[in-house]
Amino acid sequence: MRIAFYAPLKSPNHPVVSGDRQMARMLVKALEHGGHSVELASELRSYVRQPESKSFDALKIEAREEVARLAKLWDRGGKPDLWFSYHPYYKAPDLVGPELASAFGVPYVTAEASYSRRRNAGVWADAQALVARAVEQAALNICLTQRDRRGLTDAIPDAALGMLPPFIDTSVFQETPARGCPTRLVTIAMMRPGDKAESYRMLAQALGTIGHLPWTMSVVGDGPARDEVKAQFAGLPAHCIEWLGAIEPAAVPDVLYRGGIYVWPGYGEAYGLAYLEAQAAGLPVVAQDIAGVPEVVRDGQTGFLTPPGDVAAFASAIERLLARNDERTIMAAKARRFILEERSLRAAAARLVELLQKIPAS
């Protein structure tokens, strides 16, 4: 199929590295791996930052212009076989695809669409209404987590839904990793206010309770809350923490291979691609049983998921893996096997083929 791909929140070509951009790029790869021809339909960023935003009307005007532009292209060069919209939600509704798909009789598909009733405030409520209509229109809504599936089912009971587990491109993790330092902890996360800063705070508190065990930690990440984050760790031994800042994605596997345990509380994580990468590198995970994290970590098998907000339980899980090298080694092997066998680009491509072939041709 010829697929028009659109990510209203962040284009696959966006200069800022993020999980959204990474997943958009991987979905394109998975679709191409499945034999489809994928073209980026639009670079329009449909982002509504605040519920009282006054820019939504201006954004709608831009979207109408984009619809007109694409309609002319489709009239001249032929319409695509399918419109694929990645991650429409209350802050980033798809203002382009539904209208075009309807006008040209093209099947409309979403991936990682979400709906949250508690966000129905100001223009966000209007944006969510547009998301709901798009989900209802869609021939298929591909959910990456059960959490998103439940949200869509609750808001749009008749929506056509299918599941695609979160995945990564495992090609850079194929070689058997050299054994890293079992007591080196690794965390990779942006440093920004909100959930990320809260996760760093919890991590610092947990580490402060296990000073009787030897450990070091590599921290990858940067952002506007950098000073706040570093202040949280000020009471810990400075020589134990390696602040690597922001690094290129290609350098991430080497950092993971040097470590022994991946630690990140995970407040607000949709699922967390870094957890998948860590496990692919053979690192068991310590995280909270929260948000979408259980979709990517198997509790008791590839890591430990602790009760939300329980610092003592989080610290105890880290302590257990630091103290029990045999258990850590077994979990590391299970984690790596889980990702390479079940959460690879190849597995995702096969699942997408299975899902999309059920959609009637336009």
# chains A, B, ... in the order shown; residues from 1 in each chain; ligands from 1

call {"tool": "closest_atom_pairs", "arguments": {"of": "segment 131-175 of chain A", "to": "segment 272-286 of chain A", "cutoff": "12 Å", "atoms": "only C-alpha atoms", "output": "JSON lines"}}
result
{"residue": "A:Leu144", "atom": "CA", "partner": "A:Gly272", "partner_atom": "CA", "distance": 11.4}
{"residue": "A:Thr145", "atom": "CA", "partner": "A:Gly272", "partner_atom": "CA", "distance": 11.2}
{"residue": "A:Pro165", "atom": "CA", "partner": "A:Leu276", "partner_atom": "CA", "distance": 11.2}
{"residue": "A:Pro166", "atom": "CA", "partner": "A:Leu273", "partner_atom": "CA", "distance": 7.7}
{"residue": "A:Phe167", "atom": "CA", "partner": "A:Leu276", "partner_atom": "CA", "distance": 7.2}
{"residue": "A:Ile168", "atom": "CA", "partner": "A:Leu276", "partner_atom": "CA", "distance": 6.9}
{"residue": "A:Asp169", "atom": "CA", "partner": "A:Glu277", "partner_atom": "CA", "distance": 8.9}
{"residue": "A:Thr170", "atom": "CA", "partner": "A:Ala280", "partner_atom": "CA", "distance": 7.1}
{"residue": "A:Ser171", "atom": "CA", "partner": "A:Ala280", "partner_atom": "CA", "distance": 9.9}
{"residue": "A:Val172", "atom": "CA", "partner": "A:Ala281", "partner_atom": "CA", "distance": 9.3}
{"residue": "A:Phe173", "atom": "CA", "partner": "A:Ala281", "partner_atom": "CA", "distance": 6.1}
{"residue": "A:Gln174", "atom": "CA", "partner": "A:Ala280", "partner_atom": "CA", "distance": 8.5}
{"residue": "A:Glu175", "atom": "CA", "partner": "A:Ala281", "partner_atom": "CA", "distance": 9.3}

call {"tool": "residues_around", "arguments": {"residues": "Asn141 of chain A", "least_positions_apart": "2", "cutoff": "8 Å", "atoms": "only C-alpha atoms", "output": "ChimeraX atom specification"}}
result
/A:109-113,135,138-139,143,159-162

call {"tool": "write_last_selection", "arguments": {"atoms": "N, CA, C and O atoms", "output": "PDB file, in the first residue's frame"}}
result
ATOM      1  N   VAL A 109      -6.493   5.572   9.654  1.00  0.00           N
ATOM      2  CA  VAL A 109      -5.988   4.713  10.734  1.00  0.00           C
ATOM      3  C   VAL A 109      -5.233   5.572  11.741  1.00  0.00           C
ATOM      4  O   VAL A 109      -4.497   6.495  11.353  1.00  0.00           O
ATOM      5  N   THR A 110      -5.408   5.284  13.020  1.00  0.00           N
ATOM      6  CA  THR A 110      -4.616   5.946  14.055  1.00  0.00           C
ATOM      7  C   THR A 110      -3.745   4.916  14.769  1.00  0.00           C
ATOM      8  O   THR A 110      -4.064   3.724  14.793  1.00  0.00           O
ATOM      9  N   ALA A 111      -2.651   5.382  15.346  1.00  0.00           N
ATOM     10  CA  ALA A 111      -1.825   4.559  16.225  1.00  0.00           C
ATOM     11  C   ALA A 111      -1.513   5.378  17.465  1.00  0.00           C
ATOM     12  O   ALA A 111      -1.154   6.554  17.377  1.00  0.00           O
ATOM     13  N   GLU A 112      -1.696   4.797  18.621  1.00  0.00           N
ATOM     14  CA  GLU A 112      -1.465   5.438  19.916  1.00  0.00           C
ATOM     15  C   GLU A 112      -2.355   6.674  20.114  1.00  0.00           C
ATOM     16  O   GLU A 112      -1.943   7.659  20.729  1.00  0.00           O
ATOM     17  N   ALA A 113      -3.558   6.634  19.601  1.00  0.00           N
ATOM     18  CA  ALA A 113      -4.532   7.672  19.937  1.00  0.00           C
ATOM     19  C   ALA A 113      -4.927   7.482  21.403  1.00  0.00           C
ATOM     20  O   ALA A 113      -4.933   6.363  21.916  1.00  0.00           O
ATOM     21  N   VAL A 135     -11.235   9.023  15.926  1.00  0.00           N
ATOM     22  CA  VAL A 135     -11.177   7.631  16.364  1.00  0.00           C
ATOM     23  C   VAL A 135     -12.420   6.876  15.909  1.00  0.00           C
ATOM     24  O   VAL A 135     -12.347   5.722  15.470  1.00  0.00           O
ATOM     25  N   ALA A 138     -12.149   6.202  12.204  1.00  0.00           N
ATOM     26  CA  ALA A 138     -11.041   5.337  11.784  1.00  0.00           C
ATOM     27  C   ALA A 138     -11.486   3.910  11.489  1.00  0.00           C
ATOM     28  O   ALA A 138     -12.269   3.305  12.224  1.00  0.00           O
ATOM     29  N   ALA A 139     -10.928   3.378  10.401  1.00  0.00           N
ATOM     30  CA  ALA A 139     -11.153   1.969  10.082  1.00  0.00           C
ATOM     31  C   ALA A 139     -10.446   1.084  11.096  1.00  0.00           C
ATOM     32  O   ALA A 139     -10.836  -0.056  11.317  1.00  0.00           O
ATOM     33  N   CYS A 143      -3.699   0.392  19.236  1.00  0.00           N
ATOM     34  CA  CYS A 143      -3.336   0.760  20.603  1.00  0.00           C
ATOM     35  C   CYS A 143      -2.020   0.085  20.978  1.00  0.00           C
ATOM     36  O   CYS A 143      -1.838  -1.113  20.744  1.00  0.00           O
ATOM     37  N   ALA A 159     -15.495   2.097  18.656  1.00  0.00           N
ATOM     38  CA  ALA A 159     -14.250   2.278  17.906  1.00  0.00           C
ATOM     39  C   ALA A 159     -13.658   0.928  17.511  1.00  0.00           C
ATOM     40  O   ALA A 159     -13.709  -0.048  18.271  1.00  0.00           O
ATOM     41  N   ALA A 160     -13.082   0.874  16.310  1.00  0.00           N
ATOM     42  CA  ALA A 160     -12.403  -0.332  15.844  1.00  0.00           C
ATOM     43  C   ALA A 160     -10.974  -0.320  16.395  1.00  0.00           C
ATOM     44  O   ALA A 160     -10.189   0.581  16.078  1.00  0.00           O
ATOM     45  N   LEU A 161     -10.644  -1.314  17.221  1.00  0.00           N
ATOM     46  CA  LEU A 161      -9.369  -1.310  17.937  1.00  0.00           C
ATOM     47  C   LEU A 161      -8.536  -2.545  17.618  1.00  0.00           C
ATOM     48  O   LEU A 161      -9.069  -3.630  17.358  1.00  0.00           O
ATOM     49  N   GLY A 162      -7.225  -2.362  17.655  1.00  0.00           N
ATOM     50  CA  GLY A 162      -6.283  -3.473  17.521  1.00  0.00           C
ATOM     51  C   GLY A 162      -5.058  -3.177  18.377  1.00  0.00           C
ATOM     52  O   GLY A 162      -4.775  -2.021  18.683  1.00  0.00           O
TER      53      GLY A 162
END

call {"tool": "residues_around", "arguments": {"residues": "Arg324 of chain A", "least_positions_apart": "4", "cutoff": "12 Å", "atoms": "only C-alpha atoms", "output": "list in words"}}
result
Pro182, Thr183, Leu213, Gly260, Ile261, Ser316, Ala317, Ile318, Glu319, Arg320, Arg328, Thr329, Ile330 and Met331 of chain A

call {"tool": "closest_residue", "arguments": {"among": "A:Ser11, A:Thr153, A:Ser344, A:Gln288", "to": "Leu203 of chain A", "atoms": "only C-alpha atoms"}}
result
A:Gln288

call {"tool": "atom_distance", "arguments": {"atom1": "atom CA of Leu356 of chain A", "atom2": "atom CA of Val17 of chain A"}}
result
28.4 Å

call {"tool": "select_by_dssp", "arguments": {"residues": "segment 209-263 of chain A", "states": "helix (DSSP H, G or I)", "output": "list in words"}}
result
Arg226, Asp227, Glu228, Val229, Lys230, Ala231, Gln232, Ala238, His239, Cys240, Pro249, Ala250, Ala251, Val252, Pro253, Asp254, Val255, Leu256 and Tyr257 of chain A

call {"tool": "closest_residue", "arguments": {"among": "A:Arg49, A:Arg150, A:His36, A:His212", "to": "Asp81 of chain A", "atoms": "only C-alpha atoms"}}
result
A:His36

call {"tool": "atom_distance", "arguments": {"atom1": "atom CA of Ala312 of chain A", "atom2": "atom CA of Gly208 of chain A"}}
result
10.4 Å

call {"tool": "residues_around", "arguments": {"residues": "Met217 of chain A", "least_positions_apart": "3", "cutoff": "7 Å", "atoms": "only C-alpha atoms", "output": "list in words"}}
result
Arg184, Leu185, Val186, Cys240, Ile241 and Glu242 of chain A

call {"tool": "residues_around", "arguments": {"residues": "Ala246 of chain A", "least_positions_apart": "3", "cutoff": "6 Å", "atoms": "only C-alpha atoms", "output": "PyMOL selection string"}}
result
chain A and resi 220-222

call {"tool": "closest_residue", "arguments": {"among": "A:Ala335, A:Ala323, A:Leu40, A:Ala68", "to": "Thr302 of chain A", "atoms": "only C-alpha atoms"}}
result
A:Ala335

call {"tool": "residues_around", "arguments": {"residues": "Gly97 of chain A", "least_positions_apart": "2", "cutoff": "12 Å", "atoms": "only C-alpha atoms", "output": "VMD selection string"}}
result
chain A and resid 3 to 8 41 to 42 44 46 63 to 64 66 to 68 70 to 71 80 82 to 86 88 93 to 95 99 to 110 130 to 131 133 to 135 137 to 138

call {"tool": "write_last_selection", "arguments": {"atoms": "C-alpha atoms", "output": "PDB file, in the first residue's frame"}}
result
ATOM      1  CA  ILE A   3       0.585   5.123   3.021  1.00  0.00           C
ATOM      2  CA  ALA A   4       0.395   8.802   3.938  1.00  0.00           C
ATOM      3  CA  PHE A   5       1.997   9.066   7.398  1.00  0.00           C
ATOM      4  CA  TYR A   6       1.330  11.980   9.738  1.00  0.00           C
ATOM      5  CA  ALA A   7       2.384  12.685  13.334  1.00  0.00           C
ATOM      6  CA  PRO A   8       0.509  15.797  14.549  1.00  0.00           C
ATOM      7  CA  ALA A  41       2.140  13.627   4.402  1.00  0.00           C
ATOM      8  CA  SER A  42       2.670  16.818   6.396  1.00  0.00           C
ATOM      9  CA  LEU A  44       2.313  20.663  10.365  1.00  0.00           C
ATOM     10  CA  SER A  46      -0.804  20.521  15.634  1.00  0.00           C
ATOM     11  CA  ALA A  63      -4.729  22.992   8.983  1.00  0.00           C
ATOM     12  CA  ARG A  64      -7.356  24.071   6.437  1.00  0.00           C
ATOM     13  CA  GLU A  66      -2.717  22.120   4.596  1.00  0.00           C
ATOM     14  CA  VAL A  67      -5.839  20.165   3.653  1.00  0.00           C
ATOM     15  CA  ALA A  68      -6.219  22.315   0.532  1.00  0.00           C
ATOM     16  CA  LEU A  70      -2.704  18.063  -0.052  1.00  0.00           C
ATOM     17  CA  ALA A  71      -6.027  17.850  -1.869  1.00  0.00           C
ATOM     18  CA  PRO A  80      -2.768   7.292  -1.136  1.00  0.00           C
ATOM     19  CA  LEU A  82      -4.363   4.826   3.542  1.00  0.00           C
ATOM     20  CA  TRP A  83      -3.825   7.719   5.974  1.00  0.00           C
ATOM     21  CA  PHE A  84      -1.846   6.718   9.091  1.00  0.00           C
ATOM     22  CA  SER A  85      -2.008   9.184  12.002  1.00  0.00           C
ATOM     23  CA  TYR A  86       0.422   8.633  14.877  1.00  0.00           C
ATOM     24  CA  PRO A  88      -3.430  12.120  18.114  1.00  0.00           C
ATOM     25  CA  PRO A  93      -5.393  16.395  17.400  1.00  0.00           C
ATOM     26  CA  ASP A  94      -5.163  15.408  13.757  1.00  0.00           C
ATOM     27  CA  LEU A  95      -6.706  18.423  12.028  1.00  0.00           C
ATOM     28  CA  GLU A  99     -11.186  15.572   6.435  1.00  0.00           C
ATOM     29  CA  LEU A 100      -8.943  14.431   3.590  1.00  0.00           C
ATOM     30  CA  ALA A 101      -9.641  10.751   4.179  1.00  0.00           C
ATOM     31  CA  SER A 102     -13.368  11.381   4.158  1.00  0.00           C
ATOM     32  CA  ALA A 103     -13.292  13.571   1.048  1.00  0.00           C
ATOM     33  CA  PHE A 104     -11.181  11.127  -0.967  1.00  0.00           C
ATOM     34  CA  GLY A 105     -12.616   7.867   0.384  1.00  0.00           C
ATOM     35  CA  VAL A 106      -9.277   6.837   1.921  1.00  0.00           C
ATOM     36  CA  PRO A 107      -9.211   4.522   4.969  1.00  0.00           C
ATOM     37  CA  TYR A 108      -8.153   6.425   8.076  1.00  0.00           C
ATOM     38  CA  VAL A 109      -5.988   4.713  10.734  1.00  0.00           C
ATOM     39  CA  THR A 110      -4.616   5.946  14.055  1.00  0.00           C
ATOM     40  CA  LEU A 130     -11.958  16.152  17.402  1.00  0.00           C
ATOM     41  CA  VAL A 131      -9.825  13.200  18.527  1.00  0.00           C
ATOM     42  CA  ARG A 133     -14.540  11.912  16.062  1.00  0.00           C
ATOM     43  CA  ALA A 134     -11.335  10.837  14.313  1.00  0.00           C
ATOM     44  CA  VAL A 135     -11.177   7.631  16.364  1.00  0.00           C
ATOM     45  CA  GLN A 137     -14.156   7.519  11.855  1.00  0.00           C
ATOM     46  CA  ALA A 138     -11.041   5.337  11.784  1.00  0.00           C
TER      47      ALA A 138
END
